[in-house]
Structure formats: structure tokens, C-alpha cells
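One file, work16.pdb, carrying PDB, C-alpha atoms:
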```pdb
ATOM      1  CA  MET M   1      23.691 116.597  54.962
ATOM      2  CA  LEU M   2      24.326 118.389  58.214
ATOM      3  CA  SER M   3      25.383 121.995  57.990
ATOM      4  CA  LEU M   4      28.770 123.034  59.338
ATOM      5  CA  GLY M   5      26.921 124.814  62.127
ATOM      6  CA  GLU M   6      25.067 121.673  63.167
ATOM      7  CA  LYS M   7      28.267 119.650  63.119
ATOM      8  CA  ALA M   8      30.020 122.247  65.253
ATOM      9  CA  TYR M   9      27.087 122.441  67.725
ATOM     10  CA  CYS M  10      27.138 118.659  68.012
ATOM     11  CA  ALA M  11      30.909 118.680  68.624
ATOM     12  CA  ALA M  12      30.487 121.414  71.236
ATOM     13  CA  LEU M  13      27.892 119.417  73.180
ATOM     14  CA  LEU M  14      30.040 116.283  73.001
ATOM     15  CA  ALA M  15      32.988 118.298  74.309
ATOM     16  CA  LEU M  16      30.808 119.576  77.159
ATOM     17  CA  LYS M  17      29.870 115.992  77.938
ATOM     18  CA  ASN M  18      33.588 115.161  78.238
ATOM     19  CA  LYS M  19      34.152 118.333  80.279
ATOM     20  CA  GLU M  20      36.514 119.671  77.604
ATOM     21  CA  TYR M  21      35.363 123.237  78.039
ATOM     22  CA  VAL M  22      37.996 124.962  75.902
ATOM     23  CA  ASN M  23      37.205 122.595  73.029
ATOM     24  CA  ALA M  24      33.504 123.172  73.573
ATOM     25  CA  LEU M  25      34.032 126.929  73.392
ATOM     26  CA  HIS M  26      36.013 126.520  70.177
ATOM     27  CA  TYR M  27      33.157 124.562  68.557
ATOM     28  CA  PHE M  28      30.504 126.939  69.908
ATOM     29  CA  GLU M  29      32.387 129.801  68.253
ATOM     30  CA  LYS M  30      32.360 127.914  64.952
ATOM     31  CA  ALA M  31      28.634 127.199  65.275
ATOM     32  CA  ALA M  32      27.668 130.689  66.434
ATOM     33  CA  PRO M  33      27.019 132.263  62.999
ATOM     34  CA  TYR M  34      24.431 129.544  62.309
ATOM     35  CA  PHE M  35      22.541 129.918  65.600
ATOM     36  CA  GLU M  36      22.534 133.667  66.199
ATOM     37  CA  LYS M  37      18.831 133.761  67.059
ATOM     38  CA  ASN M  38      18.727 130.507  69.028
ATOM     39  CA  LYS M  39      18.401 131.548  72.675
ATOM     40  CA  GLU M  40      19.196 128.091  73.970
ATOM     41  CA  PHE M  41      22.404 127.965  71.940
ATOM     42  CA  THR M  42      23.402 131.413  73.135
ATOM     43  CA  LEU M  43      22.831 130.410  76.759
ATOM     44  CA  TYR M  44      25.097 127.363  76.477
ATOM     45  CA  PHE M  45      27.683 129.307  74.474
ATOM     46  CA  GLU M  46      27.872 132.194  76.927
ATOM     47  CA  THR M  47      27.876 129.888  79.952
ATOM     48  CA  THR M  48      30.779 127.931  78.490
ATOM     49  CA  ARG M  49      32.623 131.133  77.634
ATOM     50  CA  LEU M  50      32.153 132.387  81.203
ATOM     51  CA  LEU M  51      33.269 129.069  82.677
ATOM     52  CA  VAL M  52      36.441 129.064  80.575
ATOM     53  CA  GLU M  53      37.124 132.647  81.709
ATOM     54  CA  VAL M  54      36.580 131.686  85.347
ATOM     55  CA  LYS M  55      38.799 128.620  85.030
ATOM     56  CA  SER M  56      41.446 130.686  83.343
ATOM     57  CA  LYS M  57      41.265 133.288  86.100
ATOM     58  CA  LEU M  58      41.354 130.650  88.807
ATOM     59  CA  GLY M  59      44.382 129.074  87.172
ATOM     60  CA  THR M  60      46.173 132.413  87.379
ATOM     61  CA  LEU M  61      45.255 132.871  91.015
ATOM     62  CA  VAL M  62      46.436 129.377  91.965
ATOM     63  CA  ASP M  63      49.787 129.986  90.210
ATOM     64  CA  ASP M  64      50.258 133.262  92.099
ATOM     65  CA  LYS M  65      49.578 131.489  95.358
ATOM     66  CA  ILE M  66      52.182 128.806  94.637
ATOM     67  CA  GLU M  67      54.801 131.445  93.873
ATOM     68  CA  ILE M  68      54.132 133.201  97.158
ATOM     69  CA  GLU M  69      54.436 129.941  99.078
ATOM     70  CA  GLU M  70      57.771 129.219  97.403
ATOM     71  CA  ILE M  71      59.107 132.635  98.290
ATOM     72  CA  PHE M  72      58.293 132.004 101.921
ATOM     73  CA  THR M  73      59.791 128.498 101.799
ATOM     74  CA  HIS M  74      63.121 129.808 100.549
ATOM     75  CA  GLY M  75      63.019 132.634 102.909
TER      76      GLY M  75
ATOM     77  CA  MET S   1      34.269 135.489 100.818
ATOM     78  CA  SER S   2      37.612 135.908  99.023
ATOM     79  CA  GLN S   3      37.847 136.441  95.288
ATOM     80  CA  THR S   4      39.173 132.899  94.816
ATOM     81  CA  ALA S   5      36.336 131.406  96.828
ATOM     82  CA  SER S   6      33.814 133.429  94.812
ATOM     83  CA  LEU S   7      35.317 132.271  91.551
ATOM     84  CA  GLN S   8      35.402 128.663  92.717
ATOM     85  CA  SER S   9      31.766 128.922  93.725
ATOM     86  CA  LEU S  10      30.888 130.380  90.310
ATOM     87  CA  GLU S  11      32.951 127.697  88.572
ATOM     88  CA  SER S  12      31.097 124.974  90.431
ATOM     89  CA  LEU S  13      27.735 126.562  89.621
ATOM     90  CA  LEU S  14      28.512 126.868  85.899
ATOM     91  CA  GLU S  15      29.854 123.328  85.691
ATOM     92  CA  THR S  16      26.754 121.989  87.419
ATOM     93  CA  PHE S  17      24.545 123.891  84.982
ATOM     94  CA  LEU S  18      26.411 122.556  81.937
ATOM     95  CA  ASP S  19      26.405 119.020  83.382
ATOM     96  CA  ARG S  20      22.645 119.317  83.721
ATOM     97  CA  VAL S  21      22.330 120.590  80.142
ATOM     98  CA  VAL S  22      24.297 117.584  78.886
ATOM     99  CA  PHE S  23      22.232 115.237  81.061
ATOM    100  CA  LEU S  24      18.958 116.646  79.702
ATOM    101  CA  LYS S  25      20.217 116.492  76.127
ATOM    102  CA  GLU S  26      21.930 113.117  76.461
ATOM    103  CA  LYS S  27      19.400 111.220  74.349
ATOM    104  CA  LYS S  28      19.227 113.975  71.760
ATOM    105  CA  LEU S  29      22.989 114.236  71.736
ATOM    106  CA  ASN S  30      23.380 110.512  71.051
ATOM    107  CA  VAL S  31      20.967 110.790  68.133
ATOM    108  CA  LEU S  32      22.745 113.866  66.830
ATOM    109  CA  ASP S  33      26.128 112.184  67.137
ATOM    110  CA  GLY S  34      24.811 109.168  65.217
ATOM    111  CA  ILE S  35      23.426 111.376  62.454
ATOM    112  CA  ASN S  36      26.676 113.325  62.359
ATOM    113  CA  ARG S  37      28.696 110.126  61.964
ATOM    114  CA  LEU S  38      26.381 108.924  59.214
ATOM    115  CA  ASP S  39      26.821 112.274  57.505
ATOM    116  CA  ASP S  40      30.605 111.833  57.668
ATOM    117  CA  ILE S  41      30.261 108.340  56.164
ATOM    118  CA  GLY S  42      28.125 109.855  53.401
ATOM    119  CA  LEU S  43      30.893 112.371  52.636
ATOM    120  CA  MET S  44      33.470 109.567  52.507
ATOM    121  CA  ALA S  45      31.248 107.574  50.135
ATOM    122  CA  ASN S  46      30.813 110.686  48.020
ATOM    123  CA  GLN S  47      34.599 110.921  47.688
ATOM    124  CA  GLY S  48      34.723 107.354  46.385
ATOM    125  CA  GLU S  49      36.050 105.750  49.578
ATOM    126  CA  ASP S  50      34.993 102.242  50.589
ATOM    127  CA  VAL S  51      32.626 102.794  53.512
ATOM    128  CA  THR S  52      31.464  99.196  53.915
ATOM    129  CA  ASP S  53      33.058  98.754  57.347
ATOM    130  CA  GLU S  54      32.009 102.183  58.593
ATOM    131  CA  ILE S  55      28.399 101.796  57.565
ATOM    132  CA  GLY S  56      28.367  98.245  58.960
ATOM    133  CA  ASN S  57      29.577  99.530  62.325
ATOM    134  CA  TRP S  58      27.041 102.340  62.189
ATOM    135  CA  PHE S  59      24.191  99.864  61.661
ATOM    136  CA  ALA S  60      25.474  97.606  64.425
ATOM    137  CA  GLU S  61      25.372 100.521  66.832
ATOM    138  CA  HIS S  62      22.172 102.222  65.718
ATOM    139  CA  ASN S  63      19.851  99.503  64.477
ATOM    140  CA  LYS S  64      18.052  99.707  67.809
ATOM    141  CA  TRP S  65      16.749 103.115  66.789
ATOM    142  CA  LEU S  66      14.360 101.318  64.443
ATOM    143  CA  THR S  67      12.835  99.218  67.209
ATOM    144  CA  ASP S  68      13.020 101.816  70.006
ATOM    145  CA  ARG S  69      10.936 104.279  67.977
ATOM    146  CA  THR S  70      12.512 107.144  69.868
ATOM    147  CA  LEU S  71      13.484 109.134  66.802
ATOM    148  CA  GLN S  72      11.438 112.072  65.621
ATOM    149  CA  ASP S  73      10.024 112.154  62.111
ATOM    150  CA  THR S  74      12.536 114.776  61.007
ATOM    151  CA  GLU S  75      15.418 112.694  62.321
ATOM    152  CA  LEU S  76      14.140 109.543  60.629
ATOM    153  CA  ASN S  77      13.654 111.387  57.363
ATOM    154  CA  ARG S  78      17.148 112.777  57.585
ATOM    155  CA  ILE S  79      18.704 109.376  58.216
ATOM    156  CA  THR S  80      16.680 107.804  55.426
ATOM    157  CA  GLY S  81      17.824 110.504  53.024
ATOM    158  CA  MET S  82      21.461 110.020  53.998
ATOM    159  CA  LEU S  83      21.235 106.233  53.688
ATOM    160  CA  SER S  84      19.614 106.526  50.260
ATOM    161  CA  LYS S  85      22.465 108.765  49.072
ATOM    162  CA  ILE S  86      25.052 106.387  50.490
ATOM    163  CA  LYS S  87      23.374 103.492  48.691
ATOM    164  CA  GLN S  88      23.575 105.413  45.421
ATOM    165  CA  GLU S  89      27.285 106.026  46.009
ATOM    166  CA  ILE S  90      28.009 102.398  46.898
ATOM    167  CA  ASN S  91      26.660 101.293  43.482
ATOM    168  CA  ILE S  92      25.808  97.683  44.184
ATOM    169  CA  ASP S  93      25.963  95.195  41.311
ATOM    170  CA  ASN S  94      26.598  91.470  40.849
ATOM    171  CA  ASP S  95      30.339  91.951  41.342
ATOM    172  CA  SER S  96      29.901  93.638  44.709
ATOM    173  CA  SER S  97      31.220  91.869  47.769
ATOM    174  CA  MET S  98      28.937  90.027  50.146
ATOM    175  CA  ALA S  99      29.557  92.735  52.736
ATOM    176  CA  GLN S 100      28.491  95.475  50.314
ATOM    177  CA  GLN S 101      25.363  93.565  49.349
ATOM    178  CA  LYS S 102      24.574  93.058  53.013
ATOM    179  CA  ILE S 103      24.937  96.795  53.612
ATOM    180  CA  SER S 104      22.652  97.503  50.676
ATOM    181  CA  SER S 105      19.958  95.184  52.029
ATOM    182  CA  GLU S 106      20.354  96.736  55.498
ATOM    183  CA  ILE S 107      19.731 100.166  53.986
ATOM    184  CA  ASP S 108      16.648  98.809  52.206
ATOM    185  CA  ARG S 109      15.457  97.231  55.438
ATOM    186  CA  TRP S 110      15.910 100.525  57.303
ATOM    187  CA  ASN S 111      14.133 102.535  54.640
ATOM    188  CA  ASN S 112      11.215 100.091  54.412
ATOM    189  CA  LYS S 113      10.885  99.971  58.171
ATOM    190  CA  GLU S 114      11.139 103.737  58.377
ATOM    191  CA  GLU S 115       8.190 104.127  56.030
ATOM    192  CA  LYS S 116       6.119 101.955  58.342
ATOM    193  CA  THR S 117       7.222 103.665  61.548
ATOM    194  CA  ALA S 118       6.839 107.217  60.275
ATOM    195  CA  PRO S 119       3.170 107.470  59.336
ATOM    196  CA  ILE S 120       3.489 111.207  58.596
ATOM    197  CA  LEU S 121       4.679 110.182  55.138
ATOM    198  CA  THR S 122       1.160 108.954  54.458
ATOM    199  CA  LEU S 123      -0.130 112.473  54.977
ATOM    200  CA  MET S 124       2.177 113.782  52.284
ATOM    201  CA  ARG S 125       0.644 111.652  49.527
ATOM    202  CA  LYS S 126      -1.136 113.424  46.717
ATOM    203  CA  PRO S 127      -4.949 113.398  46.968
ATOM    204  CA  GLU S 128      -5.375 111.239  43.875
ATOM    205  CA  THR S 129      -3.210 108.553  45.460
ATOM    206  CA  ALA S 130      -5.482 108.608  48.473
ATOM    207  CA  GLU S 131      -8.519 108.076  46.271
ATOM    208  CA  THR S 132      -7.053 104.918  44.805
ATOM    209  CA  GLU S 133      -6.242 103.628  48.291
ATOM    210  CA  PRO S 134      -9.343 103.961  50.449
ATOM    211  CA  ASP S 135      -7.538 102.527  53.508
ATOM    212  CA  THR S 136      -5.381 105.642  53.676
ATOM    213  CA  SER S 137      -8.271 107.851  54.767
ATOM    214  CA  ALA S 138      -9.070 105.425  57.562
ATOM    215  CA  ASP S 139      -5.408 105.603  58.595
ATOM    216  CA  THR S 140      -5.459 109.371  58.770
ATOM    217  CA  ILE S 141      -8.426 109.249  61.145
ATOM    218  CA  SER S 142      -6.884 106.639  63.400
ATOM    219  CA  LEU S 143      -3.578 108.499  63.310
ATOM    220  CA  PHE S 144      -5.321 111.696  64.337
ATOM    221  CA  VAL S 145      -7.174 109.931  67.139
ATOM    222  CA  LYS S 146      -3.886 108.475  68.340
ATOM    223  CA  ARG S 147      -2.253 111.903  68.238
ATOM    224  CA  LEU S 148      -5.214 113.442  70.076
ATOM    225  CA  THR S 149      -4.946 110.802  72.785
ATOM    226  CA  LYS S 150      -1.230 111.466  73.209
ATOM    227  CA  MET S 151      -1.833 115.213  73.396
ATOM    228  CA  THR S 152      -4.578 114.733  75.982
ATOM    229  CA  ALA S 153      -2.195 112.668  78.094
ATOM    230  CA  LEU S 154       0.466 115.341  77.668
ATOM    231  CA  PHE S 155      -1.960 118.057  78.719
ATOM    232  CA  MET S 156      -3.039 116.081  81.797
ATOM    233  CA  ASP S 157       0.601 115.590  82.793
ATOM    234  CA  TYR S 158       1.408 119.265  82.525
ATOM    235  CA  SER S 159      -1.816 120.582  84.028
ATOM    236  CA  ASN S 160      -1.565 118.375  87.085
ATOM    237  CA  SER S 161      -0.042 120.916  89.474
ATOM    238  CA  LYS S 162      -1.105 124.120  87.718
ATOM    239  CA  ASN S 163      -3.807 126.598  88.630
ATOM    240  CA  HIS S 164      -4.230 128.306  85.259
ATOM    241  CA  ILE S 165      -4.173 127.172  81.653
ATOM    242  CA  LEU S 166      -1.635 129.902  80.777
ATOM    243  CA  SER S 167       0.890 128.222  83.100
ATOM    244  CA  VAL S 168       0.232 124.929  81.354
ATOM    245  CA  LEU S 169       0.688 126.594  77.967
ATOM    246  CA  GLU S 170       4.006 128.153  79.081
ATOM    247  CA  ASP S 171       5.345 124.735  80.089
ATOM    248  CA  ILE S 172       4.133 122.981  76.961
ATOM    249  CA  LEU S 173       5.635 125.706  74.765
ATOM    250  CA  ARG S 174       8.902 125.249  76.653
ATOM    251  CA  LYS S 175       8.749 121.515  75.967
ATOM    252  CA  ALA S 176       8.041 122.225  72.302
ATOM    253  CA  SER S 177      11.153 124.422  72.136
ATOM    254  CA  THR S 178      13.607 122.445  74.226
ATOM    255  CA  GLU S 179      12.624 118.960  73.141
ATOM    256  CA  THR S 180      11.307 119.834  69.664
ATOM    257  CA  SER S 181       8.236 117.751  70.449
ATOM    258  CA  LYS S 182       5.635 117.652  67.704
ATOM    259  CA  ASP S 183       2.864 116.770  70.163
ATOM    260  CA  ALA S 184       3.775 119.748  72.337
ATOM    261  CA  LEU S 185       3.888 121.993  69.282
ATOM    262  CA  ILE S 186       0.433 121.013  68.035
ATOM    263  CA  LEU S 187      -1.042 121.087  71.530
ATOM    264  CA  SER S 188       0.380 124.595  72.087
ATOM    265  CA  ALA S 189      -1.255 125.817  68.887
ATOM    266  CA  PHE S 190      -4.526 124.206  69.955
ATOM    267  CA  ILE S 191      -4.474 125.903  73.370
ATOM    268  CA  ILE S 192      -3.519 129.260  71.852
ATOM    269  CA  TYR S 193      -6.452 129.089  69.451
ATOM    270  CA  TYR S 194      -8.753 128.100  72.308
ATOM    271  CA  LEU S 195      -7.537 131.069  74.370
ATOM    272  CA  LYS S 196      -7.979 133.419  71.424
ATOM    273  CA  GLN S 197     -11.560 132.289  71.005
ATOM    274  CA  ASN S 198     -12.095 133.080  74.681
ATOM    275  CA  GLY S 199     -10.798 136.638  74.482
ATOM    276  CA  TYR S 200      -7.231 136.201  75.765
ATOM    277  CA  LYS S 201      -4.339 138.194  74.324
ATOM    278  CA  VAL S 202      -2.263 135.515  72.663
ATOM    279  CA  GLU S 203       0.378 137.475  70.708
ATOM    280  CA  PRO S 204       3.318 136.604  73.030
ATOM    281  CA  TYR S 205       2.389 132.933  72.881
ATOM    282  CA  VAL S 206       2.042 133.007  69.108
ATOM    283  CA  LYS S 207       5.560 134.448  68.958
ATOM    284  CA  LYS S 208       6.877 131.656  71.184
ATOM    285  CA  LEU S 209       5.016 129.086  69.104
ATOM    286  CA  LYS S 210       6.660 130.403  65.936
ATOM    287  CA  GLU S 211      10.075 130.166  67.594
ATOM    288  CA  ALA S 212       9.327 126.602  68.685
ATOM    289  CA  GLU S 213       8.153 125.766  65.171
ATOM    290  CA  THR S 214      11.387 127.124  63.698
ATOM    291  CA  LEU S 215      13.383 124.946  66.094
ATOM    292  CA  TYR S 216      11.218 121.952  65.209
ATOM    293  CA  LYS S 217      11.855 122.501  61.516
ATOM    294  CA  LYS S 218      15.576 122.582  62.176
ATOM    295  CA  GLY S 219      14.831 119.267  63.796
ATOM    296  CA  MET S 220      18.096 118.811  65.621
ATOM    297  CA  PHE S 221      18.237 120.986  68.672
TER     298      PHE S 221
END
```

Output the file's structure as C-alpha cells, nothing else.
Amino acid sequence: MLSLGEKAYCAALLALKNKEYVNALHYFEKAAPYFEKNKEFTLYFETTRLLVEVKSKLGTLVDDKIEIEEIFTHG
Amino acid sequence: MSQTASLQSLESLLETFLDRVVFLKEKKLNVLDGINRLDDIGLMANQGEDVTDEIGNWFAEHNKWLTDRTLQDTELNRITGMLSKIKQEINIDNDSSMAQQKISSEIDRWNNKEEKTAPILTLMRKPETAETEPDTSADTISLFVKRLTKMTALFMDYSNSKNHILSVLEDILRKASTETSKDALILSAFIIYYLKQNGYKVEPYVKKLKEAETLYKKGMF
């Protein structure tokens, strides 16, 4: 049988393949306790975490920009 | 560059990196996904559910693994173990449906084939068994020769553009870790021992070899 960690790691990589980064992060977090000393795992985990942060930040910035444009439009 | 532009650049870089990771692990990921699905089927069978259709679909999709011979020994052993458990759960008898009997024979076919395609099992036989089967010792020699040939080819590939054997060792150790390659693992150990005999400090490489070995034993990643 596969361990829960292996199943979660597998799900995380499949999510990455589908570019579902938030899902991937969720599964990486579940797998993390099983792969604490695996440098490769940590690299993918941290990269995904950073990407989700960046996307989240970019989403905020884009929203702000839209609001500003609307203010100008309505004068 | 504005903050947005910087973040977009970073986003693109990270996405490219992760795309590349997925691309490099595509084959491994497919194998892992197949094993994961088989594991799920095993759990269903364990809970008394009828898994005839699921296991049939699994075979239809993954039978090519037997002929492709792309699976590692650990992966094959894992699949064989799971299939054996599933067969126990299915409990085939004379009253079983044709589909169930077909599944049972497919599992037998896989397991029999697996024994032939994974010669490492031969090495695990007890010595007394080997004595009663003299052909086995001949097999171990030819298997070793085959392995040696593969490792030589691997070494030639990796040493092609290198100036020093330590650079070759670094790359082969990396292969052993990232691809959990048995050939790379054994070859790394061979080179490390050679270097030790020639007065090199090999401790850092021994450490890397142990890490690669741990990953190989995990067998999945």
C-alpha cells in the first residue's frame, strides 16, 4: 500500500501538471511530514508555495488597478 | 521595472520551472498515478466492493507496462504485491463470473510475467535453492555481465564532455537521486570505491550516495 504521504505527493504532482497550483500546494502540505528530509520535495513544495504567493499578490495588484481605472472612468 | 512587472517575471520563471519539473517527471508520474489507482482499487476490494470493472480498466490501460519494461524492480514488486492482495480479496471460485475469472487470470499472467522480467528475484533465493538449480548461478553471471555493460554505457555517456571523473560522479549521483536509477546507484558506489583506493576524499560523495540509496529504497520519487 502507498502511504498517505506518497498519495499526497502524487496528487500534488498531478495538480502541478494541470497547473492547479493551489491544489498542488494543498497536497504538498499534506505530504510534507513524510518528506521532511527530501530536498527535491522541499524544492517543489517551496517553489509552489512561492508561486501561489506571487499569483495571489498579482491578483491583488490587478484588482487595485481595475478600481483605479473605474474611478477615472466615472470621473 | 515596476513591482507588477517584477512579480509577473517571477511568476513566469516559477511556472516554467514547475512545468519543467512535471515534464522531467512525466513518465515517473504516470507510473506513480497507475500505482496509486491500483492502491485505491486494493482498498475498495479490501472493503468488500466489487472491483472487477476497475481492475479490468486498470489492466487495459497499464498492460503495456509489462511489455515496455520501463518499470523499476521496486515498482514491479509493489504492483505485484498489490495485485496478489487484490486477488486474495476477490476470492475466485467456480461460482465467480467470467469477468472475475478473467481478472484472476490476468493477475496470474502479470505476476508470472513479472517474475521473468524482474531477474533480481533470482538473487533473493536461498543458497540451497541455488544448489538444486545449477542454471541459476549461470544466470547470476550473465545478469552481472549485462549490468556491467549497461553501467559502462552509462559511464561513457556521462563522461563524454567531462574533464574529471569527479564531475562524472556528481552527474551520475544526481541521476541516481532524481531518477532512482539502480544502474546509476551501483556505478556511483563503484566510482567512489575506486576514488577511495586512489587516495581521494570521498566522504561527501558517500553521503550523497546514502541519500540516493534512501530515495531508491522509497522507490517512488

Residues of chain M within 12 Å of chain S, all atoms listed in the file counted, as a PyMOL selection string: chain M and resi 1-21+24+34-35+37-41+43-65

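Put simply, atom CA of S:Met151 is 9.8 Å away from atom CA of S:Leu185.
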
Å distance separating atom CA of S:Asp50 from atom CA of S:Glu75, one decimal place: 25.1 Å

Kindly list the centre and edge lengths in Å, rounded to one decimal, for the axis-aligned box that covers all listed atoms of stretch 6-25 of chain M plus 5 Å on each of its six sides, as AutoDock Vina command-line options.
```
--center_x 31.5 --center_y 121.0 --center_z 71.7 --size_x 22.9 --size_y 21.8 --size_z 27.2
```

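In this structure, atom CA of S:Ile86 sits 18.4 Å away from atom CA of S:Thr74.
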
Quick one: residues within 9 Å of S:Leu154, all atoms listed in the file, excluding same-chain residues fewer than 2 positions away - as a short mmCIF file (atom, residue, chain, number, x, y, z; two decimals) with C-alpha atoms, in the coordinates of the input?
```cif
data_model
loop_
_atom_site.label_atom_id
_atom_site.label_comp_id
_atom_site.auth_asym_id
_atom_site.auth_seq_id
_atom_site.Cartn_x
_atom_site.Cartn_y
_atom_site.Cartn_z
CA THR S 149 -4.95 110.80 72.78
CA LYS S 150 -1.23 111.47 73.21
CA MET S 151 -1.83 115.21 73.40
CA THR S 152 -4.58 114.73 75.98
CA MET S 156 -3.04 116.08 81.80
CA ASP S 157 0.60 115.59 82.79
CA TYR S 158 1.41 119.26 82.52
CA SER S 159 -1.82 120.58 84.03
CA ILE S 172 4.13 122.98 76.96
CA ASP S 183 2.86 116.77 70.16
CA ALA S 184 3.78 119.75 72.34
CA LEU S 187 -1.04 121.09 71.53
#
```

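The residues returned by the PyMOL selection byres ((chain S and resi 108) around 12) for this structure are Thr80, Gly81, Leu83, Ser84, Lys85, Ile86, Lys87, Gln88, Gln101, Lys102, Ile103, Ser104, Ser105, Glu106, Ile107, Arg109, Trp110, Asn111, Asn112, Lys113, Glu114 and Glu115 of chain S.
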
Distance query stretch 168-171 of chain S at most 9 Å, all atoms listed in the file, self and fewer than 3 positions along chain excluded, as a list in words: Phe155, Tyr158, Ser159, Asn160, Lys162, Asn163, His164, Ile165, Arg174, Lys175, Ala176, Leu187, Ser188, Ile191, Ile192 and Tyr205 of chain S
